[in-house]
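Heads up, input12.pdb below (PDB, N, CA and C atoms, pLDDT in the B column):
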```pdb
ATOM      1  N   VAL S 172      12.674 -26.861   0.804  1.00 88.00           N
ATOM      2  CA  VAL S 172      12.532 -25.445   1.070  1.00 88.00           C
ATOM      3  C   VAL S 172      11.365 -25.251   2.023  1.00 88.00           C
ATOM      4  N   THR S 173      11.577 -24.414   3.026  1.00 90.00           N
ATOM      5  CA  THR S 173      10.524 -24.062   3.965  1.00 90.00           C
ATOM      6  C   THR S 173      10.350 -22.555   3.943  1.00 90.00           C
ATOM      7  N   MET S 174       9.119 -22.135   3.795  1.00 86.00           N
ATOM      8  CA  MET S 174       8.826 -20.702   3.838  1.00 86.00           C
ATOM      9  C   MET S 174       8.064 -20.397   5.113  1.00 86.00           C
ATOM     10  N   LEU S 175       8.548 -19.425   5.846  1.00 84.00           N
ATOM     11  CA  LEU S 175       7.859 -18.976   7.046  1.00 84.00           C
ATOM     12  C   LEU S 175       7.319 -17.579   6.767  1.00 84.00           C
ATOM     13  N   CYS S 176       6.031 -17.438   6.840  1.00 84.00           N
ATOM     14  CA  CYS S 176       5.408 -16.145   6.531  1.00 84.00           C
ATOM     15  C   CYS S 176       5.045 -15.408   7.809  1.00 84.00           C
ATOM     16  N   ASP S 177       5.116 -14.099   7.730  1.00 84.00           N
ATOM     17  CA  ASP S 177       4.664 -13.276   8.845  1.00 84.00           C
ATOM     18  C   ASP S 177       3.685 -12.246   8.301  1.00 84.00           C
ATOM     19  N   TYR S 178       3.211 -11.372   9.168  1.00 84.00           N
ATOM     20  CA  TYR S 178       2.217 -10.386   8.761  1.00 84.00           C
ATOM     21  C   TYR S 178       2.831  -9.207   8.011  1.00 84.00           C
ATOM     22  N   GLY S 179       4.121  -9.002   8.096  1.00 80.00           N
ATOM     23  CA  GLY S 179       4.774  -7.923   7.379  1.00 80.00           C
ATOM     24  C   GLY S 179       4.620  -6.568   8.025  1.00 80.00           C
ATOM     25  N   ASN S 180       4.235  -6.532   9.295  1.00 85.00           N
ATOM     26  CA  ASN S 180       4.006  -5.252   9.977  1.00 85.00           C
ATOM     27  C   ASN S 180       5.250  -4.378  10.018  1.00 85.00           C
ATOM     28  N   ARG S 181       6.397  -4.979  10.167  1.00 86.00           N
ATOM     29  CA  ARG S 181       7.627  -4.206  10.344  1.00 86.00           C
ATOM     30  C   ARG S 181       8.109  -3.546   9.061  1.00 86.00           C
ATOM     31  N   TYR S 182       7.704  -4.043   7.919  1.00 85.00           N
ATOM     32  CA  TYR S 182       8.211  -3.490   6.664  1.00 85.00           C
ATOM     33  C   TYR S 182       7.117  -3.086   5.686  1.00 85.00           C
ATOM     34  N   GLN S 183       5.865  -3.048   6.125  1.00 85.00           N
ATOM     35  CA  GLN S 183       4.797  -2.705   5.198  1.00 85.00           C
ATOM     36  C   GLN S 183       4.863  -1.251   4.745  1.00 85.00           C
ATOM     37  N   SER S 184       5.446  -0.353   5.551  1.00 85.00           N
ATOM     38  CA  SER S 184       5.557   1.047   5.126  1.00 85.00           C
ATOM     39  C   SER S 184       6.547   1.194   3.974  1.00 85.00           C
ATOM     40  N   LYS S 185       7.429   0.248   3.795  1.00 85.00           N
ATOM     41  CA  LYS S 185       8.372   0.274   2.678  1.00 85.00           C
ATOM     42  C   LYS S 185       7.861  -0.571   1.511  1.00 85.00           C
ATOM     43  N   LEU S 186       7.344  -1.735   1.808  1.00 83.00           N
ATOM     44  CA  LEU S 186       6.901  -2.653   0.766  1.00 83.00           C
ATOM     45  C   LEU S 186       5.761  -2.072  -0.053  1.00 83.00           C
ATOM     46  N   PHE S 187       4.875  -1.305   0.585  1.00 85.00           N
ATOM     47  CA  PHE S 187       3.720  -0.735  -0.106  1.00 85.00           C
ATOM     48  C   PHE S 187       3.878   0.763  -0.339  1.00 85.00           C
ATOM     49  N   ASN S 188       5.115   1.227  -0.488  1.00 91.00           N
ATOM     50  CA  ASN S 188       5.406   2.633  -0.701  1.00 91.00           C
ATOM     51  C   ASN S 188       6.062   2.787  -2.078  1.00 91.00           C
ATOM     52  N   PRO S 189       5.309   3.309  -3.069  1.00 92.00           N
ATOM     53  CA  PRO S 189       5.862   3.422  -4.428  1.00 92.00           C
ATOM     54  C   PRO S 189       7.145   4.255  -4.472  1.00 92.00           C
ATOM     55  N   ALA S 190       7.222   5.333  -3.709  1.00 93.00           N
ATOM     56  CA  ALA S 190       8.424   6.174  -3.720  1.00 93.00           C
ATOM     57  C   ALA S 190       9.640   5.394  -3.219  1.00 93.00           C
ATOM     58  N   PHE S 191       9.460   4.594  -2.191  1.00 93.00           N
ATOM     59  CA  PHE S 191      10.562   3.776  -1.672  1.00 93.00           C
ATOM     60  C   PHE S 191      11.016   2.752  -2.712  1.00 93.00           C
ATOM     61  N   LEU S 192      10.051   2.076  -3.328  1.00 93.00           N
ATOM     62  CA  LEU S 192      10.389   1.070  -4.335  1.00 93.00           C
ATOM     63  C   LEU S 192      11.173   1.697  -5.488  1.00 93.00           C
ATOM     64  N   ARG S 193      10.714   2.868  -5.965  1.00 94.00           N
ATOM     65  CA  ARG S 193      11.423   3.543  -7.054  1.00 94.00           C
ATOM     66  C   ARG S 193      12.827   3.940  -6.636  1.00 94.00           C
ATOM     67  N   SER S 194      12.987   4.407  -5.394  1.00 96.00           N
ATOM     68  CA  SER S 194      14.306   4.853  -4.928  1.00 96.00           C
ATOM     69  C   SER S 194      15.316   3.701  -4.889  1.00 96.00           C
ATOM     70  N   LYS S 195      14.819   2.484  -4.767  1.00 95.00           N
ATOM     71  CA  LYS S 195      15.687   1.304  -4.749  1.00 95.00           C
ATOM     72  C   LYS S 195      15.792   0.637  -6.116  1.00 95.00           C
ATOM     73  N   GLY S 196      15.168   1.265  -7.134  1.00 96.00           N
ATOM     74  CA  GLY S 196      15.221   0.699  -8.483  1.00 96.00           C
ATOM     75  C   GLY S 196      14.344  -0.522  -8.657  1.00 96.00           C
ATOM     76  N   LEU S 197      13.334  -0.670  -7.816  1.00 94.00           N
ATOM     77  CA  LEU S 197      12.437  -1.819  -7.895  1.00 94.00           C
ATOM     78  C   LEU S 197      11.182  -1.445  -8.678  1.00 94.00           C
ATOM     79  N   PRO S 198      10.555  -2.418  -9.328  1.00 95.00           N
ATOM     80  CA  PRO S 198       9.334  -2.119 -10.083  1.00 95.00           C
ATOM     81  C   PRO S 198       8.166  -1.817  -9.139  1.00 95.00           C
ATOM     82  N   VAL S 199       7.311  -0.900  -9.573  1.00 94.00           N
ATOM     83  CA  VAL S 199       6.120  -0.548  -8.813  1.00 94.00           C
ATOM     84  C   VAL S 199       4.927  -1.174  -9.521  1.00 94.00           C
ATOM     85  N   PRO S 200       4.169  -2.025  -8.826  1.00 92.00           N
ATOM     86  CA  PRO S 200       3.011  -2.658  -9.462  1.00 92.00           C
ATOM     87  C   PRO S 200       1.989  -1.610  -9.912  1.00 92.00           C
ATOM     88  N   GLU S 201       1.324  -1.897 -11.011  1.00 92.00           N
ATOM     89  CA  GLU S 201       0.345  -0.970 -11.578  1.00 92.00           C
ATOM     90  C   GLU S 201      -0.777  -0.650 -10.590  1.00 92.00           C
ATOM     91  N   TRP S 202      -1.232  -1.646  -9.844  1.00 90.00           N
ATOM     92  CA  TRP S 202      -2.336  -1.419  -8.912  1.00 90.00           C
ATOM     93  C   TRP S 202      -1.948  -0.444  -7.805  1.00 90.00           C
ATOM     94  N   MET S 203      -0.665  -0.331  -7.526  1.00 88.00           N
ATOM     95  CA  MET S 203      -0.210   0.558  -6.462  1.00 88.00           C
ATOM     96  C   MET S 203      -0.228   2.017  -6.906  1.00 88.00           C
ATOM     97  N   GLU S 204      -0.213   2.243  -8.208  1.00 86.00           N
ATOM     98  CA  GLU S 204      -0.209   3.603  -8.750  1.00 86.00           C
ATOM     99  C   GLU S 204      -1.611   4.179  -8.896  1.00 86.00           C
ATOM    100  N   LYS S 205      -2.623   3.325  -8.882  1.00 86.00           N
ATOM    101  CA  LYS S 205      -4.000   3.791  -9.075  1.00 86.00           C
ATOM    102  C   LYS S 205      -4.498   4.511  -7.825  1.00 86.00           C
ATOM    103  N   LYS S 206      -5.112   5.654  -8.055  1.00 82.00           N
ATOM    104  CA  LYS S 206      -5.726   6.399  -6.959  1.00 82.00           C
ATOM    105  C   LYS S 206      -7.152   5.883  -6.794  1.00 82.00           C
ATOM    106  N   THR S 207      -7.606   5.829  -5.575  1.00 83.00           N
ATOM    107  CA  THR S 207      -8.962   5.375  -5.316  1.00 83.00           C
ATOM    108  C   THR S 207      -9.761   6.489  -4.668  1.00 83.00           C
ATOM    109  N   GLU S 208     -11.029   6.504  -4.990  1.00 85.00           N
ATOM    110  CA  GLU S 208     -11.928   7.455  -4.359  1.00 85.00           C
ATOM    111  C   GLU S 208     -12.808   6.682  -3.396  1.00 85.00           C
ATOM    112  N   ILE S 209     -12.862   7.164  -2.194  1.00 86.00           N
ATOM    113  CA  ILE S 209     -13.696   6.526  -1.185  1.00 86.00           C
ATOM    114  C   ILE S 209     -14.795   7.511  -0.823  1.00 86.00           C
ATOM    115  N   GLU S 210     -16.018   7.118  -1.100  1.00 88.00           N
ATOM    116  CA  GLU S 210     -17.146   7.974  -0.756  1.00 88.00           C
ATOM    117  C   GLU S 210     -17.614   7.595   0.643  1.00 88.00           C
ATOM    118  N   ILE S 211     -17.616   8.584   1.507  1.00 87.00           N
ATOM    119  CA  ILE S 211     -18.030   8.355   2.879  1.00 87.00           C
ATOM    120  C   ILE S 211     -19.449   8.900   3.046  1.00 87.00           C
ATOM    121  N   PRO S 212     -20.398   8.014   3.318  1.00 89.00           N
ATOM    122  CA  PRO S 212     -21.769   8.492   3.501  1.00 89.00           C
ATOM    123  C   PRO S 212     -21.886   9.267   4.818  1.00 89.00           C
ATOM    124  N   TYR S 213     -22.590  10.359   4.764  1.00 86.00           N
ATOM    125  CA  TYR S 213     -22.774  11.140   5.978  1.00 86.00           C
ATOM    126  C   TYR S 213     -24.139  11.799   5.937  1.00 86.00           C
ATOM    127  N   GLU S 214     -24.633  12.135   7.106  1.00 87.00           N
ATOM    128  CA  GLU S 214     -25.889  12.860   7.230  1.00 87.00           C
ATOM    129  C   GLU S 214     -25.606  14.161   7.943  1.00 87.00           C
ATOM    130  N   GLN S 215     -26.181  15.233   7.396  1.00 87.00           N
ATOM    131  CA  GLN S 215     -25.983  16.529   8.009  1.00 87.00           C
ATOM    132  C   GLN S 215     -26.927  16.652   9.198  1.00 87.00           C
ATOM    133  N   VAL S 216     -26.393  17.039  10.327  1.00 88.00           N
ATOM    134  CA  VAL S 216     -27.181  17.183  11.546  1.00 88.00           C
ATOM    135  C   VAL S 216     -27.407  18.673  11.784  1.00 88.00           C
ATOM    136  N   ALA S 217     -28.666  19.021  11.985  1.00 77.00           N
ATOM    137  CA  ALA S 217     -29.002  20.447  12.162  1.00 77.00           C
ATOM    138  C   ALA S 217     -28.705  20.941  13.560  1.00 77.00           C
TER     139      ALA S 217
END
```
Entire entry expressed as structure tokens:
Amino acid sequence: VTMLCDYGNRYQSKLFNPAFLRSKGLPVPEWMEKKTEIEIPYEQVA
């Protein structure tokens, strides 16, 4: 068996899309359902 891997650019919008996975009856990984908070540091300029 030979596996050839690629970067997945052409299908990443489907592979990492929980709604798409559910629509096809595929399982959605738990980590994909978690929401993340990203704190962006900023400085107010007067």
(request) For atom N of Lys195 (chain S) and CA of Asn180 (chain S), quote the distance in Å rounded to one decimal. (result)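 A separation of 19.9 Å between them.
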- [ ] Report as a list in words: the residues of chain S with a DSSP assignment of alpha helix (DSSP H), based on the backbone of this structure.
- [x]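 Of chain S, only Gln183, Ser184, Lys185, Leu186, Pro189, Ala190, Phe191, Leu192, Arg193, Ser194, Glu201, Trp202, Met203 and Glu204 of chain S fall in alpha helix (DSSP H).
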If we count only N, CA and C atoms and set the cut-off at 8 Å, which residues sit around region 201-208 of chain S, ignoring sequence neighbours fewer than 4 positions away in its own chain? Please answer as an mmCIF file with N, CA and C atoms, in the coordinates of the input.
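Wrote it out as selection11.cif, contents follow:
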```
data_model
loop_
_atom_site.group_PDB
_atom_site.id
_atom_site.type_symbol
_atom_site.label_atom_id
_atom_site.label_comp_id
_atom_site.auth_asym_id
_atom_site.auth_seq_id
_atom_site.Cartn_x
_atom_site.Cartn_y
_atom_site.Cartn_z
ATOM 1 N N PHE S 187 4.875 -1.305 0.585
ATOM 2 C CA PHE S 187 3.720 -0.735 -0.106
ATOM 3 C C PHE S 187 3.878 0.763 -0.339
ATOM 4 N N ASN S 188 5.115 1.227 -0.488
ATOM 5 C CA ASN S 188 5.406 2.633 -0.701
ATOM 6 C C ASN S 188 6.062 2.787 -2.078
ATOM 7 N N PRO S 189 5.309 3.309 -3.069
ATOM 8 C CA PRO S 189 5.862 3.422 -4.428
ATOM 9 C C PRO S 189 7.145 4.255 -4.472
#
```
| task | Figure out the distance between CA of Arg193 (chain S) and CA of Met174 (chain S), please, to one decimal in Å. | result |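 Here the two named atoms are 26.7 Å from each other.
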Computed gap from CA of Gly179 (chain S) to atom N of Pro198 (chain S) is 18.5 Å
Using the file's own x, y and z axes, what box holds all listed atoms of region 178-194 of chain S with 3 Å on each side, keeping edges along x, y and z, and what are its centre and edge lengths in Å to one decimal, as AutoDock Vina command-line options?
```
--center_x 8.8 --center_y -2.6 --center_z 1.6 --size_x 19.1 --size_y 23.5 --size_z 23.4
```
